[in-house]
Amino acid sequence: MSVRTTAPAPARDGEQQAPTRRAYSAAHPSKSVTLTLLMGFFVVYTAVPLLWLVVNASKTQADLFDSFGLWFGHDFALFTNIRETLTYRDGVFLRWLANTLLYVVLGAGGATFLATLGGYGLAKYRFPGRAGVMAVVLGAAAVPTTALAVPTFLLFSRLGLTNTPWAVVVPSLVCPFGLYLMWVYAIEAVPTELLEAARIDGAGELRTFFTISSRLLAPGIVTVLLLTTVMTWNNYFLPLIMLSDPDWYPLTVGLNQWNQQSFGASAQPVYNLVITGSLLSIIPIVIAFFVLQRYWQSGLTAGSVKQ
């Protein structure tokens, strides 16, 4: 007499994961609460300064000192402040905004391109002196940029490039940390077998890079692009010591110049314009994050492998 046994059907992935998550949460309630509180703290930490900026950008100069910082004033003057910010001193704010965009496009864009090429080359090619180059990159990434500002100023002063846009653009092209990120990312993101298959098919190195590798490196490129964009957009100390002509100031130095008007014998405080200008200056960065974040989420490797 034989006994037939029927093996239970394998559970689906969703059916297996849901009880596992519930069991983990039930077994580690304190850890879940701690993580929730920690994330709540970070949300508050990042949201409160932004809320303060938005609220105070809607106040008049008098309301800034007569009302609570995290609540609106007697008059809602946001649009008035925006108009005055854009027209103050013959619209110099728009000139500073254009300068900042110029420094970002040339500096951050160039730094991303160079970091991508350098990181890809270090990850996928073997050449004499490669270990030394890696050591230099790691050492340069550990040096704070402010420590290099004065030597950079002396060098550019000898070259006669101070008080020109190149004094800000050229130093911004060097981003050791971005090169290091691309180097680490390219090691795993671009399979060596895929490159060898492209070479067998007759593709050159440049064609392989621009048609295959660049697509696989897209999330890393976007990460470095955002990193260099934020660094260049918020750069203050370098243009402060390099530039003396207000017509070439970026937003960071220009808004600080407005803030300095509140001191001295002939003080003309424009705190409401400084705050409104600060609010306007972060809008392009926020837009850039929202536009580029999809590259982190999409499957960019789809279709890159020959079927």
# chains A, B, ... in the order shown; residues from 1 in each chain; ligands from 1
$ residues_around --residues "Thr112 (chain A)" --least-positions-apart "3" --cutoff "7 Å" --atoms "only C-alpha atoms" --output "ChimeraX atom specification"
/A:108-109,115-116,221,224-225
$ residues_around --residues "Met182 (chain A)" --least-positions-apart "5" --cutoff "12 Å" --atoms "only C-alpha atoms" --output "compact mmCIF listing (two decimals) with C-alpha atoms, in the first residue's frame"
# COMPACT_ATOMS: atom_id res chain seq x y z
CA ALA A 111 33.93 68.56 -14.09
CA THR A 112 31.32 65.84 -14.64
CA PHE A 113 32.64 65.08 -18.12
CA LEU A 114 36.25 64.88 -16.93
CA ALA A 115 35.32 62.82 -13.88
CA THR A 116 33.39 60.38 -16.07
CA LEU A 117 36.27 59.93 -18.49
CA GLY A 118 38.85 59.64 -15.72
CA GLY A 119 36.85 57.26 -13.56
CA TYR A 120 35.99 55.05 -16.52
CA GLY A 121 39.61 54.96 -17.64
CA LEU A 122 40.89 54.04 -14.17
CA ALA A 123 38.25 51.33 -13.79
CA LYS A 124 38.53 49.63 -17.18
CA VAL A 137 43.03 60.97 -6.58
CA CYS A 175 36.50 67.36 -8.68
CA PRO A 176 38.56 64.50 -7.20
CA PHE A 177 35.64 63.15 -5.21
CA ILE A 187 34.01 48.98 -11.85
CA GLU A 188 30.68 47.20 -11.31
CA ALA A 189 28.35 49.09 -13.67
CA VAL A 190 30.21 48.30 -16.89
CA SER A 213 29.32 52.52 -21.37
CA SER A 214 27.82 55.99 -21.04
CA LEU A 216 25.38 52.10 -18.09
CA LEU A 217 27.12 54.94 -16.25
CA ALA A 218 24.11 57.27 -16.48
CA PRO A 219 23.05 57.00 -12.78
CA GLY A 220 26.63 57.66 -11.68
CA ILE A 221 26.97 60.56 -14.12
CA VAL A 222 23.79 62.14 -12.81
CA THR A 223 25.00 61.72 -9.23
CA VAL A 224 28.31 63.45 -9.99
CA LEU A 225 26.51 66.12 -12.01
CA LEU A 227 27.19 66.92 -6.71
$ residues_around --residues "Thr145 (chain A)" --least-positions-apart "4" --cutoff "12 Å" --atoms "only C-alpha atoms" --output "JSON, numbers by chain"
{"A": [140, 141, 149, 150, 151, 152, 171, 172, 174, 175, 176, 177, 231, 232, 235, 236, 237, 238]}
$ select_by_dssp --residues "region 72-306 of chain A" --states "alpha helix (DSSP H)" --output "PyMOL selection string"
chain A and resi 78-87+92-103+109-124+130-141+149-159+166-172+176-189+192-200+205-208+214-216+218-233+237-242+251-260+271-292+294-297
$ closest_residue --among "A:Val184, A:Ala77, A:Ala267, A:Ile212" --to "Leu64 (chain A)" --atoms "only C-alpha atoms"
A:Ala77
$ atom_distance --atom1 "CA of Tyr249 (chain A)" --atom2 "CA of Arg89 (chain A)"
14.1 Å
$ closest_atom_pairs --of "region 30-142 of chain A" --to "region 278-288 of chain A" --cutoff "9 Å" --atoms "only C-alpha atoms" --output "JSON lines"
{"residue": "A:Leu50", "atom": "CA", "partner": "A:Leu279", "partner_atom": "CA", "distance": 8.5}
{"residue": "A:Leu53", "atom": "CA", "partner": "A:Leu279", "partner_atom": "CA", "distance": 6.4}
{"residue": "A:Val54", "atom": "CA", "partner": "A:Leu279", "partner_atom": "CA", "distance": 6.9}
{"residue": "A:Ala57", "atom": "CA", "partner": "A:Leu279", "partner_atom": "CA", "distance": 7.2}
{"residue": "A:Ile82", "atom": "CA", "partner": "A:Leu280", "partner_atom": "CA", "distance": 8.3}
{"residue": "A:Leu97", "atom": "CA", "partner": "A:Ser281", "partner_atom": "CA", "distance": 7.8}
$ residues_around --residues "Gln257 (chain A)" --least-positions-apart "2" --cutoff "12 Å" --atoms "only C-alpha atoms" --output "NGL selection string"
:A and (92-93 or 96 or 236 or 240 or 244-246 or 249-255 or 259-263 or 268-271 or 273-274)
$ residues_around --residues "Leu154 (chain A)" --least-positions-apart "5" --cutoff "12 Å" --atoms "only C-alpha atoms" --output "list of chain:residue names"
A:Leu148, A:Ala149, A:Leu159, A:Gly160, A:Leu161, A:Thr162, A:Ala167, A:Ile241, A:Met242
$ decode --residues "region 45-62 of chain A" --atoms "N, CA and C atoms" --output "PDB file, in the first residue's frame"
ATOM      1  N   TYR A  45      14.532  68.601  10.570  1.00  0.00           N
ATOM      2  CA  TYR A  45      15.809  69.316  10.449  1.00  0.00           C
ATOM      3  C   TYR A  45      15.954  69.970   9.074  1.00  0.00           C
ATOM      4  N   THR A  46      15.464  69.311   8.034  1.00  0.00           N
ATOM      5  CA  THR A  46      15.576  69.862   6.688  1.00  0.00           C
ATOM      6  C   THR A  46      14.406  70.762   6.316  1.00  0.00           C
ATOM      7  N   ALA A  47      13.228  70.520   6.900  1.00  0.00           N
ATOM      8  CA  ALA A  47      12.040  71.277   6.503  1.00  0.00           C
ATOM      9  C   ALA A  47      11.938  72.622   7.206  1.00  0.00           C
ATOM     10  N   VAL A  48      12.388  72.694   8.463  1.00  0.00           N
ATOM     11  CA  VAL A  48      12.244  73.947   9.218  1.00  0.00           C
ATOM     12  C   VAL A  48      13.006  75.098   8.578  1.00  0.00           C
ATOM     13  N   PRO A  49      14.276  74.956   8.182  1.00  0.00           N
ATOM     14  CA  PRO A  49      14.942  76.084   7.513  1.00  0.00           C
ATOM     15  C   PRO A  49      14.257  76.514   6.222  1.00  0.00           C
ATOM     16  N   LEU A  50      13.756  75.540   5.450  1.00  0.00           N
ATOM     17  CA  LEU A  50      13.045  75.880   4.223  1.00  0.00           C
ATOM     18  C   LEU A  50      11.751  76.620   4.530  1.00  0.00           C
ATOM     19  N   LEU A  51      11.036  76.160   5.563  1.00  0.00           N
ATOM     20  CA  LEU A  51       9.817  76.851   5.976  1.00  0.00           C
ATOM     21  C   LEU A  51      10.121  78.272   6.427  1.00  0.00           C
ATOM     22  N   TRP A  52      11.200  78.436   7.201  1.00  0.00           N
ATOM     23  CA  TRP A  52      11.590  79.769   7.654  1.00  0.00           C
ATOM     24  C   TRP A  52      11.886  80.685   6.469  1.00  0.00           C
ATOM     25  N   LEU A  53      12.561  80.147   5.448  1.00  0.00           N
ATOM     26  CA  LEU A  53      12.902  80.942   4.279  1.00  0.00           C
ATOM     27  C   LEU A  53      11.657  81.376   3.521  1.00  0.00           C
ATOM     28  N   VAL A  54      10.711  80.459   3.314  1.00  0.00           N
ATOM     29  CA  VAL A  54       9.495  80.785   2.578  1.00  0.00           C
ATOM     30  C   VAL A  54       8.661  81.799   3.348  1.00  0.00           C
ATOM     31  N   VAL A  55       8.512  81.587   4.661  1.00  0.00           N
ATOM     32  CA  VAL A  55       7.683  82.483   5.471  1.00  0.00           C
ATOM     33  C   VAL A  55       8.269  83.893   5.501  1.00  0.00           C
ATOM     34  N   ASN A  56       9.568  84.005   5.738  1.00  0.00           N
ATOM     35  CA  ASN A  56      10.172  85.322   5.878  1.00  0.00           C
ATOM     36  C   ASN A  56      10.352  86.029   4.549  1.00  0.00           C
ATOM     37  N   ALA A  57      10.360  85.279   3.436  1.00  0.00           N
ATOM     38  CA  ALA A  57      10.396  85.929   2.133  1.00  0.00           C
ATOM     39  C   ALA A  57       9.095  86.645   1.821  1.00  0.00           C
ATOM     40  N   SER A  58       8.040  86.355   2.573  1.00  0.00           N
ATOM     41  CA  SER A  58       6.740  87.007   2.359  1.00  0.00           C
ATOM     42  C   SER A  58       6.527  88.210   3.278  1.00  0.00           C
ATOM     43  N   LYS A  59       7.548  88.604   4.027  1.00  0.00           N
ATOM     44  CA  LYS A  59       7.409  89.703   4.985  1.00  0.00           C
ATOM     45  C   LYS A  59       8.077  90.966   4.458  1.00  0.00           C
ATOM     46  N   THR A  60       7.597  92.086   4.957  1.00  0.00           N
ATOM     47  CA  THR A  60       8.251  93.353   4.669  1.00  0.00           C
ATOM     48  C   THR A  60       9.476  93.509   5.567  1.00  0.00           C
ATOM     49  N   GLN A  61      10.252  94.537   5.309  1.00  0.00           N
ATOM     50  CA  GLN A  61      11.438  94.777   6.107  1.00  0.00           C
ATOM     51  C   GLN A  61      11.080  94.967   7.578  1.00  0.00           C
ATOM     52  N   ALA A  62       9.978  95.676   7.851  1.00  0.00           N
ATOM     53  CA  ALA A  62       9.574  95.920   9.241  1.00  0.00           C
ATOM     54  C   ALA A  62       9.048  94.655   9.907  1.00  0.00           C
TER      55      ALA A  62
END
